[in-house]
file coords-v9.cif (mmCIF, C-alpha atoms)
data_protein
#
loop_
_atom_site.label_atom_id
_atom_site.label_comp_id
_atom_site.auth_asym_id
_atom_site.auth_seq_id
_atom_site.Cartn_x
_atom_site.Cartn_y
_atom_site.Cartn_z
CA MET A 1 0.00 0.00 0.00
CA SER A 2 1.21 3.49 -0.78
CA PRO A 3 0.19 6.63 1.08
CA ASP A 4 -1.31 9.65 -0.62
CA PRO A 5 1.80 11.72 -1.44
CA THR A 6 0.04 14.84 -0.15
CA THR A 7 -0.79 13.21 3.20
CA PRO A 8 2.21 12.45 5.44
CA ILE A 9 2.04 9.54 7.84
CA GLN A 10 1.31 10.88 11.33
CA ILE A 11 2.14 7.71 13.30
CA LEU A 12 4.61 5.10 12.03
CA ALA A 13 5.09 1.80 13.87
CA ILE A 14 8.27 -0.13 13.09
CA GLY A 15 8.50 -3.84 13.91
CA ALA A 16 11.17 -6.43 13.27
CA HIS A 17 8.73 -8.99 11.82
CA PRO A 18 5.40 -8.77 9.98
CA ASP A 19 3.24 -9.50 13.05
CA ASP A 20 5.12 -7.63 15.79
CA VAL A 21 3.24 -4.36 15.45
CA GLU A 22 -0.20 -5.97 15.53
CA ILE A 23 0.63 -7.87 18.71
CA SER A 24 2.23 -4.95 20.53
CA CYS A 25 0.39 -1.81 19.42
CA GLY A 26 -2.26 -2.83 16.89
CA GLY A 27 -5.02 -1.40 19.05
CA THR A 28 -3.36 2.02 19.14
CA LEU A 29 -2.99 2.09 15.36
CA ALA A 30 -6.60 1.00 14.83
CA LEU A 31 -7.82 3.61 17.31
CA ALA A 32 -5.77 6.32 15.60
CA ALA A 33 -7.12 5.33 12.18
CA ARG A 34 -10.68 5.46 13.57
CA GLN A 35 -10.00 9.02 14.73
CA GLY A 36 -8.77 10.13 11.31
CA VAL A 37 -5.05 9.91 12.08
CA THR A 38 -2.93 8.59 9.19
CA VAL A 39 -0.94 5.58 10.36
CA GLY A 40 1.70 3.38 8.75
CA ILE A 41 3.73 0.24 9.44
CA LEU A 42 7.30 -0.55 8.48
CA ASP A 43 8.30 -4.22 8.86
CA LEU A 44 12.08 -4.53 8.81
CA THR A 45 12.21 -8.20 7.75
CA ARG A 46 10.00 -10.60 5.81
CA GLY A 47 10.06 -13.15 8.64
CA GLU A 48 11.86 -15.67 6.48
CA LEU A 49 13.18 -17.60 9.51
CA SER A 50 9.66 -18.25 10.81
CA THR A 51 8.96 -21.80 11.93
CA ASN A 52 5.67 -21.73 9.98
CA GLY A 53 4.58 -19.93 6.82
CA THR A 54 6.39 -18.78 3.69
CA VAL A 55 7.54 -15.25 2.92
CA GLU A 56 4.73 -14.96 0.35
CA GLU A 57 2.09 -16.13 2.82
CA ARG A 58 3.33 -13.76 5.47
CA ALA A 59 3.23 -10.81 3.06
CA GLU A 60 -0.41 -11.56 2.22
CA GLU A 61 -1.27 -11.87 5.90
CA ALA A 62 0.47 -8.59 6.70
CA ALA A 63 -1.52 -6.81 3.98
CA GLU A 64 -4.79 -8.20 5.35
CA ALA A 65 -3.89 -7.19 8.90
CA ALA A 66 -3.07 -3.67 7.72
CA ARG A 67 -6.45 -3.45 6.01
CA ILE A 68 -8.21 -4.49 9.22
CA LEU A 69 -6.35 -1.88 11.26
CA GLY A 70 -7.01 0.89 8.73
CA VAL A 71 -3.32 1.42 7.98
CA ALA A 72 -2.65 3.84 5.12
CA ALA A 73 0.77 2.43 4.17
CA ARG A 74 2.68 -0.75 4.98
CA ARG A 75 6.23 -1.25 3.75
CA ASN A 76 8.90 -3.89 4.19
CA ALA A 77 12.57 -2.94 4.40
CA GLY A 78 13.75 -6.42 3.38
CA LEU A 79 16.43 -6.65 6.07
CA PRO A 80 17.61 -10.18 7.00
CA ASP A 81 15.49 -11.98 9.57
CA GLY A 82 17.78 -12.85 12.45
CA GLY A 83 20.36 -10.33 11.21
CA VAL A 84 19.03 -6.83 11.96
CA ASP A 85 22.18 -4.80 12.65
CA PRO A 86 22.11 -1.18 13.84
CA LEU A 87 25.79 -0.77 12.95
CA ASP A 88 25.35 -1.90 9.33
CA PRO A 89 25.38 1.29 7.22
CA GLU A 90 22.93 -0.19 4.69
CA HIS A 91 20.44 -1.12 7.40
CA THR A 92 20.65 2.39 8.81
CA ARG A 93 20.22 4.02 5.41
CA SER A 94 17.21 1.80 4.69
CA VAL A 95 15.35 3.02 7.78
CA VAL A 96 16.49 6.63 7.29
CA ARG A 97 15.10 6.66 3.76
CA ALA A 98 11.80 5.22 4.96
CA LEU A 99 11.51 7.92 7.62
CA ARG A 100 12.26 10.64 5.07
CA ALA A 101 9.76 9.21 2.59
CA LEU A 102 6.91 8.67 5.05
CA ARG A 103 7.75 11.70 7.28
CA PRO A 104 5.92 10.56 10.42
CA ALA A 105 5.35 12.86 13.37
CA ILE A 106 5.37 10.00 15.88
CA LEU A 107 7.48 6.84 15.82
CA LEU A 108 6.61 3.62 17.69
CA THR A 109 9.01 0.68 17.96
CA HIS A 110 10.36 -2.13 20.12
CA ALA A 111 11.70 -1.54 23.61
CA PRO A 112 15.47 -2.06 23.96
CA VAL A 113 15.04 -4.93 26.46
CA ASP A 114 13.43 -8.03 24.98
CA ARG A 115 13.94 -11.77 24.57
CA HIS A 116 14.14 -11.69 20.77
CA PRO A 117 17.50 -10.35 19.50
CA ASP A 118 15.86 -8.84 16.40
CA HIS A 119 13.55 -6.81 18.64
CA VAL A 120 16.50 -5.48 20.61
CA GLU A 121 18.52 -4.62 17.51
CA THR A 122 15.47 -3.04 15.84
CA SER A 123 15.11 -0.73 18.83
CA ARG A 124 18.75 0.31 18.53
CA LEU A 125 18.55 0.65 14.75
CA VAL A 126 15.42 2.82 14.86
CA ASP A 127 16.93 5.11 17.51
CA ARG A 128 20.05 5.54 15.38
CA ALA A 129 18.09 6.13 12.16
CA TRP A 130 15.69 8.52 13.93
CA TYR A 131 18.61 10.81 14.76
CA LEU A 132 20.53 10.49 11.51
CA ALA A 133 17.40 11.06 9.38
CA GLY A 134 17.39 14.66 10.57
CA LEU A 135 20.96 15.40 9.45
CA ARG A 136 21.21 17.04 6.04
CA GLN A 137 24.70 15.70 5.39
CA PHE A 138 23.74 12.08 6.12
CA ASP A 139 22.89 10.17 2.94
CA PRO A 140 22.51 13.40 0.92
CA GLY A 141 20.26 13.33 -2.12
CA GLN A 142 18.05 10.62 -0.60
CA GLY A 143 15.08 12.61 0.61
CA GLU A 144 14.75 15.78 2.64
CA PRO A 145 15.96 15.49 6.25
CA HIS A 146 13.19 14.56 8.68
CA ARG A 147 13.21 13.60 12.34
CA PRO A 148 9.91 12.54 13.95
CA GLU A 149 8.91 14.74 16.88
CA GLY A 150 8.41 11.84 19.27
CA ARG A 151 9.47 8.21 19.53
CA TYR A 152 8.04 5.72 21.98
CA HIS A 153 8.72 2.08 22.77
CA PHE A 154 6.02 -0.59 22.85
CA ALA A 155 6.20 -3.78 24.93
CA SER A 156 6.74 -7.28 23.57
CA ARG A 157 7.57 -10.35 25.72
CA ILE A 158 9.18 -8.30 28.50
CA GLY A 159 7.05 -5.58 30.05
CA PHE A 160 8.07 -2.26 31.56
CA HIS A 161 6.72 0.54 33.73
CA PRO A 162 4.97 2.65 31.08
CA THR A 163 5.16 6.39 30.61
CA PHE A 164 1.60 6.31 29.30
CA VAL A 165 -1.11 3.80 28.41
CA VAL A 166 -3.50 4.15 25.47
CA ASP A 167 -7.13 3.12 25.99
CA VAL A 168 -7.66 0.72 23.09
CA THR A 169 -10.98 -0.65 24.29
CA PRO A 170 -12.93 0.76 21.29
CA ALA A 171 -10.45 -0.86 18.86
CA TRP A 172 -9.90 -4.17 20.63
CA GLU A 173 -11.82 -6.20 18.07
CA GLU A 174 -9.72 -4.79 15.20
CA LYS A 175 -6.52 -5.65 17.09
CA ARG A 176 -7.71 -9.21 17.71
CA ARG A 177 -8.74 -9.71 14.08
CA ALA A 178 -5.44 -8.26 12.82
CA ILE A 179 -3.48 -10.73 14.96
CA LEU A 180 -5.65 -13.60 13.71
CA ALA A 181 -5.00 -12.48 10.12
CA HIS A 182 -1.47 -13.89 10.58
CA ARG A 183 -2.90 -17.37 10.16
CA THR A 184 0.39 -19.17 9.55
CA GLN A 185 1.76 -17.79 12.81
CA VAL A 186 -1.16 -18.04 15.25
CA GLY A 187 -3.17 -20.89 13.68
CA ARG A 188 -2.81 -24.61 14.36
CA GLY A 189 -3.05 -27.25 11.62
CA GLU A 190 -1.88 -30.80 11.06
CA ALA A 191 1.33 -29.66 9.35
CA THR A 192 1.91 -26.73 11.72
CA ARG A 193 4.83 -26.97 14.10
CA PRO A 194 4.12 -25.68 17.64
CA THR A 195 5.45 -22.26 18.64
CA PRO A 196 4.61 -19.77 21.42
CA LEU A 197 2.47 -17.84 18.91
CA ASN A 198 0.19 -20.74 18.02
CA ASP A 199 -0.08 -22.01 21.58
CA PRO A 200 -3.81 -22.19 22.46
CA GLY A 201 -3.29 -19.70 25.30
CA PHE A 202 -1.45 -17.06 23.25
CA LEU A 203 -4.37 -14.71 22.59
CA SER A 204 -5.53 -15.08 26.18
CA ARG A 205 -2.11 -13.87 27.35
CA ILE A 206 -2.25 -10.88 24.99
CA GLU A 207 -5.69 -10.03 26.35
CA ALA A 208 -4.54 -10.46 29.95
CA ARG A 209 -1.70 -8.01 29.40
CA ALA A 210 -4.05 -5.49 27.81
CA ARG A 211 -6.50 -5.87 30.71
CA HIS A 212 -3.65 -5.39 33.19
CA PHE A 213 -2.50 -2.12 31.65
CA GLY A 214 -6.07 -1.02 31.02
CA SER A 215 -6.85 -1.48 34.70
CA GLN A 216 -4.05 0.96 35.55
CA ILE A 217 -5.94 3.78 33.83
CA GLY A 218 -9.46 2.62 34.65
CA VAL A 219 -10.42 1.12 31.28
CA LEU A 220 -10.93 -2.40 29.92
CA TYR A 221 -7.98 -2.69 27.51
CA GLY A 222 -4.76 -0.67 27.37
CA GLU A 223 -1.47 -0.69 25.43
CA PRO A 224 1.64 0.58 27.26
CA PHE A 225 4.34 2.85 25.87
CA ARG A 226 7.58 4.19 27.27
CA ALA A 227 9.08 7.54 26.32
CA THR A 228 12.82 8.10 25.98
CA GLU A 229 12.54 11.75 27.06
CA PRO A 230 10.10 13.72 29.24
CA LEU A 231 6.72 14.41 27.66
CA GLY A 232 5.82 18.07 27.20
CA PHE A 233 2.39 19.68 26.96
CA ARG A 234 1.83 22.86 24.93
CA THR A 235 -1.77 22.94 26.15
CA LEU A 236 -3.38 21.22 29.13
CA ASP A 237 -6.33 19.83 27.16
CA ALA A 238 -4.75 16.41 26.71
CA LEU A 239 -3.73 16.26 30.37
CA LEU A 240 -7.21 17.18 31.58
CA ARG A 241 -8.86 14.49 29.44
CA THR A 242 -6.42 11.71 30.36
CA ALA A 243 -8.01 8.42 31.47
CA ARG A 244 -7.61 7.67 35.20
CA PRO A 245 -8.86 4.85 37.44
CA GLU A 246 -11.70 5.64 39.79
CA PRO A 247 -10.56 6.29 43.39
CA GLY A 248 -10.65 3.03 45.31
CA ALA A 249 -10.83 0.95 42.12
CA PHE A 250 -8.25 -1.51 43.48
CA THR A 251 -9.07 -1.35 47.17
CA GLY A 252 -12.87 -1.29 47.19
#
call {"tool": "encode", "arguments": {"input": "coords-v9.cif", "output": "structure tokens"}}
result
Amino acid sequence: MSPDPTTPIQILAIGAHPDDVEISCGGTLALAARQGVTVGILDLTRGELSTNGTVEERAEEAAEAARILGVAARRNAGLPDGGVDPLDPEHTRSVVRALRALRPAILLTHAPVDRHPDHVETSRLVDRAWYLAGLRQFDPGQGEPHRPEGRYHFASRIGFHPTFVVDVTPAWEEKRRAILAHRTQVGRGEATRPTPLNDPGFLSRIEARARHFGSQIGVLYGEPFRATEPLGFRTLDALLRTARPEPGAFTG
């Protein structure tokens, strides 16, 4: 999918593999799309080392998941699965060029502490590319310099104490359907080899995590994010309308 060239992407989520974004922050993207915010996804690899599913199958599933979430543009950087390297100049240039082409205001990506090495290296690579994309003398002639205003980490296997939690209750069904669209990864068949993603309890664990973080702000489902710098408010409107738990919600 290609974005309207006159409409820049407002929120771009970058994941190491074609299903990472849906699992970690799919509800936030679906909610943003519902509210008229233009959102995009950049998958760094094609998931070619996956236990189940071919590259072609995974690409089709990713396109279907993006449609469900209301994503305006989904791209794949074609970096090697299992070999994302933030110190590889070509990997860095690939992400820099994507940032300059899509010109997002907000960037979402993996947290730097995770069990999967590609998630960790993606976090480091995105942080490096985020900075270098704003330098005019870096990779000159390949797009106008652009540095997203904010970048935030989403949680994968290992959680964290969030800076903020997004109420994704209205978009929970879209998130669930987008995850299920990755049939080769979360489905079980006779020829399917077992993985943590197709374990019968996988979706229940995703829901439990969302309920946990949702409970922290007094809503049903929430997705956590962590900022790398302090958040600033130009107006207090957003602060005044922030979701909070009812007093005594946990103590009766």
call {"tool": "resolve_selection", "arguments": {"input": "coords-v9.cif", "expression": "the PyMOL selection byres ((chain A and resi 113-129) around 7)", "output": "PyMOL selection string"}}
result
chain A and resi 16+82+84-86+92+95-96+109-112+130-133+156-158
call {"tool": "resolve_selection", "arguments": {"input": "coords-v9.cif", "expression": "the PyMOL selection byres ((chain A and resi 171-182) around 10)", "output": "NGL selection string"}}
result
:A and (18-34 or 53 or 57-70 or 167-170 or 183-187 or 203 or 206-207 or 210 or 220-222)
call {"tool": "write_last_selection", "arguments": {"input": "coords-v9.cif", "atoms": "C-alpha atoms", "output": "mmCIF file, in the frame of the given file"}}
result
data_model
loop_
_atom_site.group_PDB
_atom_site.id
_atom_site.type_symbol
_atom_site.label_atom_id
_atom_site.label_comp_id
_atom_site.auth_asym_id
_atom_site.auth_seq_id
_atom_site.Cartn_x
_atom_site.Cartn_y
_atom_site.Cartn_z
ATOM 1 C CA PRO A 18 5.400 -8.770 9.980
ATOM 2 C CA ASP A 19 3.240 -9.500 13.050
ATOM 3 C CA ASP A 20 5.120 -7.630 15.790
ATOM 4 C CA VAL A 21 3.240 -4.360 15.450
ATOM 5 C CA GLU A 22 -0.200 -5.970 15.530
ATOM 6 C CA ILE A 23 0.630 -7.870 18.710
ATOM 7 C CA SER A 24 2.230 -4.950 20.530
ATOM 8 C CA CYS A 25 0.390 -1.810 19.420
ATOM 9 C CA GLY A 26 -2.260 -2.830 16.890
ATOM 10 C CA GLY A 27 -5.020 -1.400 19.050
ATOM 11 C CA THR A 28 -3.360 2.020 19.140
ATOM 12 C CA LEU A 29 -2.990 2.090 15.360
ATOM 13 C CA ALA A 30 -6.600 1.000 14.830
ATOM 14 C CA LEU A 31 -7.820 3.610 17.310
ATOM 15 C CA ALA A 32 -5.770 6.320 15.600
ATOM 16 C CA ALA A 33 -7.120 5.330 12.180
ATOM 17 C CA ARG A 34 -10.680 5.460 13.570
ATOM 18 C CA GLY A 53 4.580 -19.930 6.820
ATOM 19 C CA GLU A 57 2.090 -16.130 2.820
ATOM 20 C CA ARG A 58 3.330 -13.760 5.470
ATOM 21 C CA ALA A 59 3.230 -10.810 3.060
ATOM 22 C CA GLU A 60 -0.410 -11.560 2.220
ATOM 23 C CA GLU A 61 -1.270 -11.870 5.900
ATOM 24 C CA ALA A 62 0.470 -8.590 6.700
ATOM 25 C CA ALA A 63 -1.520 -6.810 3.980
ATOM 26 C CA GLU A 64 -4.790 -8.200 5.350
ATOM 27 C CA ALA A 65 -3.890 -7.190 8.900
ATOM 28 C CA ALA A 66 -3.070 -3.670 7.720
ATOM 29 C CA ARG A 67 -6.450 -3.450 6.010
ATOM 30 C CA ILE A 68 -8.210 -4.490 9.220
ATOM 31 C CA LEU A 69 -6.350 -1.880 11.260
ATOM 32 C CA GLY A 70 -7.010 0.890 8.730
ATOM 33 C CA ASP A 167 -7.130 3.120 25.990
ATOM 34 C CA VAL A 168 -7.660 0.720 23.090
ATOM 35 C CA THR A 169 -10.980 -0.650 24.290
ATOM 36 C CA PRO A 170 -12.930 0.760 21.290
ATOM 37 C CA ARG A 183 -2.900 -17.370 10.160
ATOM 38 C CA THR A 184 0.390 -19.170 9.550
ATOM 39 C CA GLN A 185 1.760 -17.790 12.810
ATOM 40 C CA VAL A 186 -1.160 -18.040 15.250
ATOM 41 C CA GLY A 187 -3.170 -20.890 13.680
ATOM 42 C CA LEU A 203 -4.370 -14.710 22.590
ATOM 43 C CA ILE A 206 -2.250 -10.880 24.990
ATOM 44 C CA GLU A 207 -5.690 -10.030 26.350
ATOM 45 C CA ALA A 210 -4.050 -5.490 27.810
ATOM 46 C CA LEU A 220 -10.930 -2.400 29.920
ATOM 47 C CA TYR A 221 -7.980 -2.690 27.510
ATOM 48 C CA GLY A 222 -4.760 -0.670 27.370
#
call {"tool": "atom_distance", "arguments": {"input": "coords-v9.cif", "atom1": "atom CA of Glu223 of chain A", "atom2": "atom CA of Ser50 of chain A"}}
result
25.4 Å
call {"tool": "closest_residue", "arguments": {"input": "coords-v9.cif", "among": "A:Glu56, A:Phe213, A:Leu240, A:Glu149", "to": "Leu12 of chain A", "atoms": "all atoms listed in the file"}}
result
A:Glu149
call {"tool": "residues_around", "arguments": {"input": "coords-v9.cif", "residues": "Ile41 of chain A", "least_positions_apart": "3", "cutoff": "9 Å", "atoms": "all atoms listed in the file", "output": "compact mmCIF listing (two decimals) with C-alpha atoms, in the coordinates of the input"}}
result
# COMPACT_ATOMS: atom_id res chain seq x y z
CA ILE A 11 2.14 7.71 13.30
CA LEU A 12 4.61 5.10 12.03
CA ALA A 13 5.09 1.80 13.87
CA ILE A 14 8.27 -0.13 13.09
CA GLY A 15 8.50 -3.84 13.91
CA VAL A 21 3.24 -4.36 15.45
CA ALA A 66 -3.07 -3.67 7.72
CA VAL A 71 -3.32 1.42 7.98
CA ALA A 72 -2.65 3.84 5.12
CA ALA A 73 0.77 2.43 4.17
CA ARG A 74 2.68 -0.75 4.98
CA ARG A 75 6.23 -1.25 3.75
CA ASN A 76 8.90 -3.89 4.19
call {"tool": "closest_residue", "arguments": {"input": "coords-v9.cif", "among": "A:His146, A:Arg136, A:Arg93, A:Arg193", "to": "Asn52 of chain A", "atoms": "all atoms listed in the file"}}
result
A:Arg193
call {"tool": "resolve_selection", "arguments": {"input": "coords-v9.cif", "expression": "the PyMOL selection byres ((chain A and resi 231) around 10)", "output": "CSV table (one decimal) with C-alpha atoms, keeping the file's coordinate frame"}}
result
chain,number,residue,atom,x,y,z
A,150,GLY,CA,8.4,11.8,19.3
A,163,THR,CA,5.2,6.4,30.6
A,164,PHE,CA,1.6,6.3,29.3
A,227,ALA,CA,9.1,7.5,26.3
A,228,THR,CA,12.8,8.1,26.0
A,229,GLU,CA,12.5,11.8,27.1
A,230,PRO,CA,10.1,13.7,29.2
A,232,GLY,CA,5.8,18.1,27.2
A,233,PHE,CA,2.4,19.7,27.0
call {"tool": "atom_distance", "arguments": {"input": "coords-v9.cif", "atom1": "atom CA of Phe225 of chain A", "atom2": "atom CA of His212 of chain A"}}
result
13.6 Å
call {"tool": "atom_distance", "arguments": {"input": "coords-v9.cif", "atom1": "atom CA of Gly83 of chain A", "atom2": "atom CA of Asp43 of chain A"}}
result
13.7 Å
call {"tool": "closest_residue", "arguments": {"input": "coords-v9.cif", "among": "A:Gly134, A:Leu197, A:Arg209, A:Phe202", "to": "Ala155 of chain A", "atoms": "only C-alpha atoms"}}
result
A:Arg209
call {"tool": "axis_aligned_box", "arguments": {"input": "coords-v9.cif", "around": "segment 162-167 of chain A", "padding_each_side": "4 Å", "output": "JSON"}}
result
{"center_x": -1.0, "center_y": 4.5, "center_z": 28.3, "size_x": 20.3, "size_y": 11.7, "size_z": 13.6}
